[in-house]
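Worksheet: one structure, shown below.
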Amino acid sequence: MQKPSLPKGTRDFGPLQMARRNYILDVIKDTFQLFGFQQIETPSLENLSTLTGKYGDEGDQLLFKILNSGDFLKDLTPEDLPKGSAANLTKLSEKGLRYDLTVPFARYVAMNRNELSFPFKRYQIQPVWRADRPQKGRYREFYQCDADVVGTESLLCEAEIILMIRRVFAKLGLKDYAIKVNNRKILTGIAEAIGEQGKEGPLCVAIDKLDKIGWEKVKEELVQRGFGEASTQKLLPLVNLAAGVKERLALLTQFLSQSPIGLQGVQELEAVFRLLEQLGANLDHVDFDPMLARGLSYYTGAIFEVKVNGVSIGSVSGGGRYDNLTGVFGLPGVPGVGFSFGVDRLYDVLEELNLFPVDRLAGTQVLLTHFDQVGFDYGLGCLTAMRDAGVKAELYPEVTKLKKQLEYASKKELPFVGICGDEEIASGTLMLKNLATGEQEALSLTDAIAKLKGAE
RNA sequence: GUGAUUGUAGCUCAGUUGGUUAGAGCGCUGGUUUGUGGAUCCAGAGGUCGCCGGUUCGAGCCCGGUCUUUCACCCCA
């Protein structure tokens with residue numbers, strides 16, 4: 001016998017976990033649909049050519065590759081072997097598991113360009129796989145819930161993303177969180193303004209750690225990455241920012257006065273906030289963070305990241321605007337903006353904050369029990385009548401002691417048990433017992449059904 | 001990819017300087033009760049101590065390797 005085990009970084013989901021996860025997914029789906037997004041799905045497998053080169057070198061390393069079917073070594077010659085696995089990859093594997101939902105979506109848009117009407121709003125809820133080292137809030141298989149709009153530059157999309165995030169969080173009972181927003185153009189502008197034009201890439205990587213390691217360490221890293229002492233010093237006004245979105249926008253307008261692109265970023269953000277106002281919304285939970293940088297290199301406009309306060313889980317949602325996502329698939333000039341919820345992290349957050357509703361496990365309402373074959377047969381008729389009436393019912397499938405049947409109901413936390421004994425059969429009734437209170441009463445089948453429906 | 005960390009019954013964990021037959025609680029099964037469950041009581045089942053190798057008269061304990069768990073870094077949801 002072998003010991004059963006799971007691959008690293010993967011998990012089973014039992015009935016309780018599934019109920020909870022579906023609770024989260026229902027809220028997200030409902031929200032996406034309310035804002036006019038349509039669902040699509042793409043295959044778990046993509047051609048490796050679709051996936052590679054889209055996530056940077058590190059991302060390519062984290063792709064799960066699938067060995068070719070059949071004799072996967074047949075194309076390999078003895079001369080190939082010393083070249084190493086990377087050089088021979090194309091001969092061994094031509095498919096991989098998807099790494100995120102955005103790239104498969106870009107592929108989908110490029111392939112279906114003639115059928116789609118733009119702007120196209122789609123959502124997609126599917127697992128993705130990354131060959132990461134697992135740790136807290138990080139798994140090798142996890143769900144993403146993406147919503148993207150492609151084919152428009154309208155900043156209404158950005159405003160709606162903020163509204164959707166707030167709706168989902170409100171429905172889930174999350175109150176203490178921050179939607180950090182920034183604009184990639186502002187980061188570009190900052191690089192210009194400090195005299196390190198074009199170096200926003202490394203600037204982002206270093207600045208991203210500001211929360212974690214503090215300004216002094218970030219400064220060290222910047223110098224290490226080739227930034228001048230004078231340039232880093234110029235960043236200082238941005239490190240200790242005044243509170244308030246409006247104040248920060250004003251500060252940035254001044255800071256970026258010599259950078260047209262930076263100013264454009266500020267104006268875009270202002271436009272988004274103005275749209276929110278016109279939509280009748282406020283800026284609650286919105287936090288303009290000019291130092292917010294996201295790793296993914298394809299963002300060109302707005303950037304989002306959502307962090308729940310007071311929990312030890314990383315960001316639970318993120319996204320941004322990109323100018324040209326489908327360009328690599330031969331369809332240039334399709335701008336888009338999208339974001340994603342990390343359900344597994346949301347799950348961890350809700351669990352840590354104890355925010356899952358308790359009565360979510362809407363399972364069987366009543367278990368029909370019996371003492372012998374006669375009671376079992378009687379129960380079969382009751383069972384059908386109950387199900388026809390829409391009552392979630394089950395009949396204990398074996399003839400056995402009542403004690404065992406009650407224990408089963410008790411363990412499954414069923415609210416009711418309907419006992420089918422000789423006395424009940426003789427009088428055409430059912431002994432309906434409330435397992436929480438212990439009370440029981442003999443009711444006709446129709447009365448029992450009425451009571452069960454009333455107790456829902 | 002780098003550095004730590006973990007692994008003993010279904011679960012949570014004890015296990016002395018290496019010493020004979022490996023322990024507890026919970027859970028599970030059966031009984032006390034042949035029409036009544038959820039903290040009564042009684043009894044019982046269940047472990048090649050992650051795996052492979054080494055040291056030793058002798059290894060759950062020491063050493064090496066490997067897998068696994070958890071965590072930090074990198075990166076990310």
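The chains in the structure tokens are called A, B, ... from first to last as shown; in each chain the residues are counted from 1, and the ligands are counted from 1 in the order shown.
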
Using 9 Å as the limit and counting only C-alpha atoms, can you tabulate each residue of region 125-225 of chain A that touches region 32-42 of chain A, with its shortest atom-to-atom distance in Å and the two atoms involved, as CSV?
residue,atom,partner,partner_atom,distance
A:Ile125,CA,A:Glu41,CA,7.5
A:Gln126,CA,A:Glu41,CA,7.4
A:Ala147,CA,A:Phe32,CA,7.1
A:Asp148,CA,A:Phe37,CA,8.2
A:Val149,CA,A:Phe37,CA,8.3
A:Glu160,CA,A:Phe35,CA,7.8
A:Met164,CA,A:Phe32,CA,7.3

**OP:** Considering only C-alpha atoms (C1' of nucleotides), extract the chain A residues located within 6 Å of chain B and return them as a PyMOL selection string.
**Re:** chain A and resi 342+406-407+410

Would you save the residues from that selection as a PDB file, in the first residue's frame, using C-alpha atoms?
ATOM      1  CA  GLY A 342      -7.138  36.103  -5.889  1.00  0.00           C
ATOM      2  CA  LEU A 406     -29.316   9.841  14.192  1.00  0.00           C
ATOM      3  CA  GLU A 407     -25.577  10.029  14.667  1.00  0.00           C
ATOM      4  CA  SER A 410     -26.061  14.817  13.835  1.00  0.00           C
TER       5      SER A 410
END

Original post:
Between A:Gln365, A:Ser427, A:Thr31, A:Asn114, which is the closest to Gly454 (chain A) once you count only C-alpha atoms?
Top reply: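 So, comparing all the options, the nearest one is A:Gln365.
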
Original post:
Quick one: DSSP strand (DSSP E or B) residues in region 246-415 of chain A, as a ChimeraX atom specification?
Top reply: /A:286-288,302-308,317-322,336-342,366-370,393-395

Taking N, CA, C and O atoms for each residue, export the selection above as a short mmCIF file (atom, residue, chain, number, x, y, z; two decimals), in the first residue's frame.
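Printed below is out.cif as written:
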data_model
loop_
_atom_site.label_atom_id
_atom_site.label_comp_id
_atom_site.auth_asym_id
_atom_site.auth_seq_id
_atom_site.Cartn_x
_atom_site.Cartn_y
_atom_site.Cartn_z
N VAL A 286 -9.97 54.41 -1.39
CA VAL A 286 -9.04 54.68 -2.48
C VAL A 286 -7.83 55.42 -1.93
O VAL A 286 -7.96 56.38 -1.18
N ASP A 287 -6.67 54.92 -2.30
CA ASP A 287 -5.44 55.46 -1.74
C ASP A 287 -4.47 55.66 -2.90
O ASP A 287 -3.98 54.70 -3.49
N PHE A 288 -4.24 56.92 -3.25
CA PHE A 288 -3.30 57.21 -4.33
C PHE A 288 -1.88 57.08 -3.80
O PHE A 288 -1.49 57.82 -2.92
N ALA A 302 -3.10 53.13 -15.66
CA ALA A 302 -3.46 52.94 -14.26
C ALA A 302 -2.93 51.61 -13.72
O ALA A 302 -2.79 50.64 -14.46
N ILE A 303 -2.63 51.61 -12.43
CA ILE A 303 -2.20 50.40 -11.74
C ILE A 303 -3.03 50.29 -10.46
O ILE A 303 -3.23 51.28 -9.76
N PHE A 304 -3.50 49.07 -10.16
CA PHE A 304 -4.27 48.84 -8.93
C PHE A 304 -3.64 47.74 -8.10
O PHE A 304 -3.08 46.79 -8.64
N GLU A 305 -3.81 47.90 -6.82
CA GLU A 305 -3.46 46.80 -5.93
C GLU A 305 -4.29 46.94 -4.66
O GLU A 305 -4.42 48.04 -4.13
N VAL A 306 -4.85 45.83 -4.19
CA VAL A 306 -5.72 45.90 -3.02
C VAL A 306 -5.12 45.09 -1.89
O VAL A 306 -4.76 43.92 -2.07
N LYS A 307 -5.02 45.74 -0.75
CA LYS A 307 -4.43 45.08 0.42
C LYS A 307 -5.43 45.19 1.56
O LYS A 307 -5.95 46.26 1.84
N VAL A 308 -5.69 44.06 2.20
CA VAL A 308 -6.54 44.08 3.38
C VAL A 308 -5.67 44.38 4.59
O VAL A 308 -4.63 43.76 4.76
N SER A 317 -5.91 41.48 -4.72
CA SER A 317 -6.45 41.87 -6.01
C SER A 317 -5.46 42.84 -6.65
O SER A 317 -4.77 43.58 -5.95
N GLY A 318 -5.42 42.85 -7.96
CA GLY A 318 -4.51 43.77 -8.61
C GLY A 318 -4.82 43.83 -10.09
O GLY A 318 -5.53 42.98 -10.62
N GLY A 319 -4.28 44.86 -10.73
CA GLY A 319 -4.52 44.96 -12.16
C GLY A 319 -4.00 46.28 -12.69
O GLY A 319 -3.29 47.00 -12.00
N GLY A 320 -4.39 46.58 -13.92
CA GLY A 320 -3.92 47.81 -14.51
C GLY A 320 -4.28 47.91 -15.98
O GLY A 320 -4.93 47.02 -16.54
N ARG A 321 -3.83 49.01 -16.57
CA ARG A 321 -4.12 49.25 -17.99
C ARG A 321 -2.89 48.94 -18.84
O ARG A 321 -1.77 49.21 -18.44
N TYR A 322 -3.15 48.36 -19.98
CA TYR A 322 -2.08 48.04 -20.92
C TYR A 322 -2.50 48.52 -22.30
O TYR A 322 -3.65 48.48 -22.68
N GLY A 336 -6.42 47.95 -23.31
CA GLY A 336 -7.33 47.28 -22.38
C GLY A 336 -6.96 47.60 -20.95
O GLY A 336 -5.91 48.15 -20.66
N VAL A 337 -7.89 47.26 -20.08
CA VAL A 337 -7.61 47.42 -18.66
C VAL A 337 -8.32 46.29 -17.94
O VAL A 337 -9.41 45.88 -18.33
N GLY A 338 -7.65 45.73 -16.95
CA GLY A 338 -8.26 44.60 -16.26
C GLY A 338 -7.72 44.46 -14.87
O GLY A 338 -6.76 45.11 -14.47
N PHE A 339 -8.38 43.61 -14.12
CA PHE A 339 -7.90 43.32 -12.77
C PHE A 339 -8.37 41.94 -12.39
O PHE A 339 -9.14 41.29 -13.10
N SER A 340 -7.88 41.48 -11.27
CA SER A 340 -8.08 40.10 -10.90
C SER A 340 -8.22 39.97 -9.38
O SER A 340 -7.53 40.65 -8.63
N PHE A 341 -9.15 39.12 -8.96
CA PHE A 341 -9.23 38.78 -7.54
C PHE A 341 -8.51 37.46 -7.32
O PHE A 341 -8.69 36.52 -8.09
N GLY A 342 -7.73 37.37 -6.29
CA GLY A 342 -7.14 36.10 -5.89
C GLY A 342 -8.05 35.43 -4.88
O GLY A 342 -8.01 35.75 -3.70
N VAL A 366 -33.57 17.32 5.72
CA VAL A 366 -34.16 16.28 6.55
C VAL A 366 -33.65 14.91 6.13
O VAL A 366 -33.48 14.62 4.94
N LEU A 367 -33.35 14.09 7.14
CA LEU A 367 -32.98 12.70 6.88
C LEU A 367 -34.14 11.82 7.32
O LEU A 367 -34.61 11.92 8.46
N LEU A 368 -34.60 10.96 6.42
CA LEU A 368 -35.66 10.02 6.79
C LEU A 368 -35.01 8.76 7.36
O LEU A 368 -34.12 8.19 6.76
N THR A 369 -35.47 8.38 8.56
CA THR A 369 -34.91 7.21 9.23
C THR A 369 -35.99 6.16 9.39
O THR A 369 -37.17 6.43 9.24
N HIS A 370 -35.55 4.96 9.75
CA HIS A 370 -36.48 3.82 9.78
C HIS A 370 -35.90 2.75 10.68
O HIS A 370 -34.74 2.84 11.10
N ALA A 393 -33.96 16.33 0.75
CA ALA A 393 -34.18 15.21 1.66
C ALA A 393 -33.33 14.03 1.25
O ALA A 393 -32.97 13.86 0.10
N GLU A 394 -32.96 13.21 2.25
CA GLU A 394 -32.33 11.95 1.94
C GLU A 394 -32.88 10.89 2.88
O GLU A 394 -33.36 11.19 3.98
N LEU A 395 -32.82 9.64 2.40
CA LEU A 395 -33.29 8.50 3.19
C LEU A 395 -32.06 7.70 3.57
O LEU A 395 -31.19 7.45 2.71
#

**OP:** Give the helix (DSSP H, G or I) residues of region 6-96 of chain A, as assigned by DSSP on the backbone, as a ChimeraX atom specification.
**Re:** /A:15-34,48-51,56-61,81-83,85-92

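Comparing A:Thr326, A:Ser154, A:Gln405, A:Thr364 by their smallest distance to Lys54 (chain A), the closest is A:Thr326 (using only C-alpha atoms).
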
Subject >> Residue nearest Ala426 (chain A) - candidates A:Val374, A:Ala409, A:Ile207, A:Met18, atoms counted: only C-alpha atoms >> reply: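 The closest residue to Ala426 (chain A) is A:Val374.
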
Original post:
Can you list, as a VMD selection string, every protein, DNA or RNA residue that comes within 8 Å of Arg130 (chain A) when you count only C-alpha atoms (C1' of nucleotides), leaving out same-chain residues fewer than 2 positions away?
Top reply: chain A and resid 62 to 64 99 128 132 139 to 141

**OP:** Excluding Phe169 (chain A) and residues on its chain fewer than 2 positions from it, collect all residues at most 12 Å away from it, counting only C-alpha atoms (C1' of nucleotides), and give them as a PyMOL selection string.
**Re:** chain A and resi 24+27-28+31+162-167+171-179+285+306-308+316-317+341+346+349-350+355

Got time to write the residues from that selection, N, CA, C and O atoms, as a short mmCIF file (atom, residue, chain, number, x, y, z; two decimals), in the first residue's frame?
data_model
loop_
_atom_site.label_atom_id
_atom_site.label_comp_id
_atom_site.auth_asym_id
_atom_site.auth_seq_id
_atom_site.Cartn_x
_atom_site.Cartn_y
_atom_site.Cartn_z
N ILE A 24 -17.65 33.08 -2.00
CA ILE A 24 -16.83 34.17 -2.53
C ILE A 24 -17.03 34.32 -4.03
O ILE A 24 -17.25 35.43 -4.54
N VAL A 27 -20.27 36.02 -5.12
CA VAL A 27 -20.24 37.49 -4.97
C VAL A 27 -19.48 38.12 -6.13
O VAL A 27 -19.92 39.11 -6.71
N ILE A 28 -18.35 37.53 -6.48
CA ILE A 28 -17.53 38.10 -7.55
C ILE A 28 -18.25 38.01 -8.90
O ILE A 28 -18.33 38.99 -9.64
N THR A 31 -21.07 40.40 -9.22
CA THR A 31 -20.58 41.76 -9.43
C THR A 31 -20.13 41.97 -10.87
O THR A 31 -20.49 42.96 -11.51
N ILE A 162 -12.76 50.20 -9.64
CA ILE A 162 -12.80 50.60 -8.23
C ILE A 162 -14.17 50.29 -7.63
O ILE A 162 -14.27 49.77 -6.50
N LEU A 163 -15.21 50.57 -8.39
CA LEU A 163 -16.56 50.28 -7.89
C LEU A 163 -16.77 48.78 -7.67
O LEU A 163 -17.37 48.37 -6.68
N MET A 164 -16.27 47.98 -8.59
CA MET A 164 -16.45 46.53 -8.46
C MET A 164 -15.70 45.99 -7.24
O MET A 164 -16.21 45.15 -6.51
N ILE A 165 -14.49 46.46 -7.06
CA ILE A 165 -13.71 46.02 -5.90
C ILE A 165 -14.47 46.37 -4.62
O ILE A 165 -14.61 45.55 -3.71
N ARG A 166 -14.98 47.58 -4.57
CA ARG A 166 -15.68 48.00 -3.35
C ARG A 166 -16.95 47.20 -3.13
O ARG A 166 -17.30 46.87 -1.99
N ARG A 167 -17.65 46.87 -4.23
CA ARG A 167 -18.89 46.10 -4.07
C ARG A 167 -18.57 44.70 -3.53
O ARG A 167 -19.22 44.21 -2.61
N LYS A 171 -19.79 43.25 0.10
CA LYS A 171 -20.63 42.04 0.21
C LYS A 171 -19.97 40.98 1.06
O LYS A 171 -20.64 40.18 1.70
N LEU A 172 -18.64 40.95 1.05
CA LEU A 172 -17.93 39.93 1.83
C LEU A 172 -17.72 40.38 3.28
O LEU A 172 -17.17 39.64 4.08
N GLY A 173 -18.15 41.59 3.58
CA GLY A 173 -18.01 42.06 4.95
C GLY A 173 -16.63 42.59 5.28
O GLY A 173 -16.29 42.76 6.46
N LEU A 174 -15.82 42.85 4.26
CA LEU A 174 -14.48 43.39 4.51
C LEU A 174 -14.56 44.91 4.56
O LEU A 174 -15.02 45.55 3.63
N LYS A 175 -14.08 45.46 5.67
CA LYS A 175 -14.22 46.91 5.85
C LYS A 175 -12.89 47.64 5.86
O LYS A 175 -12.79 48.78 5.43
N ASP A 176 -11.86 46.97 6.37
CA ASP A 176 -10.58 47.65 6.54
C ASP A 176 -9.61 47.22 5.44
O ASP A 176 -8.91 46.22 5.57
N TYR A 177 -9.61 47.97 4.36
CA TYR A 177 -8.73 47.63 3.24
C TYR A 177 -8.42 48.89 2.46
O TYR A 177 -9.06 49.93 2.64
N ALA A 178 -7.42 48.81 1.59
CA ALA A 178 -7.03 49.96 0.79
C ALA A 178 -6.88 49.56 -0.67
O ALA A 178 -6.25 48.55 -0.97
N ILE A 179 -7.53 50.33 -1.54
CA ILE A 179 -7.32 50.14 -2.98
C ILE A 179 -6.24 51.13 -3.38
O ILE A 179 -6.50 52.33 -3.51
N HIS A 285 -11.73 54.22 0.70
CA HIS A 285 -10.80 53.10 0.49
C HIS A 285 -9.80 53.35 -0.63
O HIS A 285 -8.90 52.54 -0.84
N VAL A 306 -4.85 45.83 -4.19
CA VAL A 306 -5.72 45.90 -3.02
C VAL A 306 -5.12 45.09 -1.89
O VAL A 306 -4.76 43.92 -2.07
N LYS A 307 -5.02 45.74 -0.75
CA LYS A 307 -4.43 45.08 0.42
C LYS A 307 -5.43 45.19 1.56
O LYS A 307 -5.95 46.26 1.84
N VAL A 308 -5.69 44.06 2.20
CA VAL A 308 -6.54 44.08 3.38
C VAL A 308 -5.67 44.38 4.59
O VAL A 308 -4.63 43.76 4.76
N VAL A 316 -4.67 40.96 -2.45
CA VAL A 316 -5.74 40.04 -2.81
C VAL A 316 -6.34 40.37 -4.17
O VAL A 316 -7.17 39.63 -4.67
N SER A 317 -5.91 41.48 -4.72
CA SER A 317 -6.45 41.87 -6.01
C SER A 317 -5.46 42.84 -6.65
O SER A 317 -4.77 43.58 -5.95
N PHE A 341 -9.15 39.12 -8.96
CA PHE A 341 -9.23 38.78 -7.54
C PHE A 341 -8.51 37.46 -7.32
O PHE A 341 -8.69 36.52 -8.09
N LEU A 346 -8.30 35.66 -0.81
CA LEU A 346 -9.50 36.19 -0.18
C LEU A 346 -10.03 35.20 0.84
O LEU A 346 -10.46 35.57 1.94
N VAL A 349 -7.99 35.37 3.88
CA VAL A 349 -8.28 36.60 4.61
C VAL A 349 -9.59 36.47 5.40
O VAL A 349 -9.65 36.77 6.60
N LEU A 350 -10.63 36.00 4.72
CA LEU A 350 -11.92 35.85 5.40
C LEU A 350 -11.81 34.88 6.56
O LEU A 350 -12.43 35.08 7.61
N LEU A 355 -14.80 35.90 8.95
CA LEU A 355 -15.90 36.61 8.31
C LEU A 355 -16.81 35.71 7.49
O LEU A 355 -17.72 36.19 6.83
#
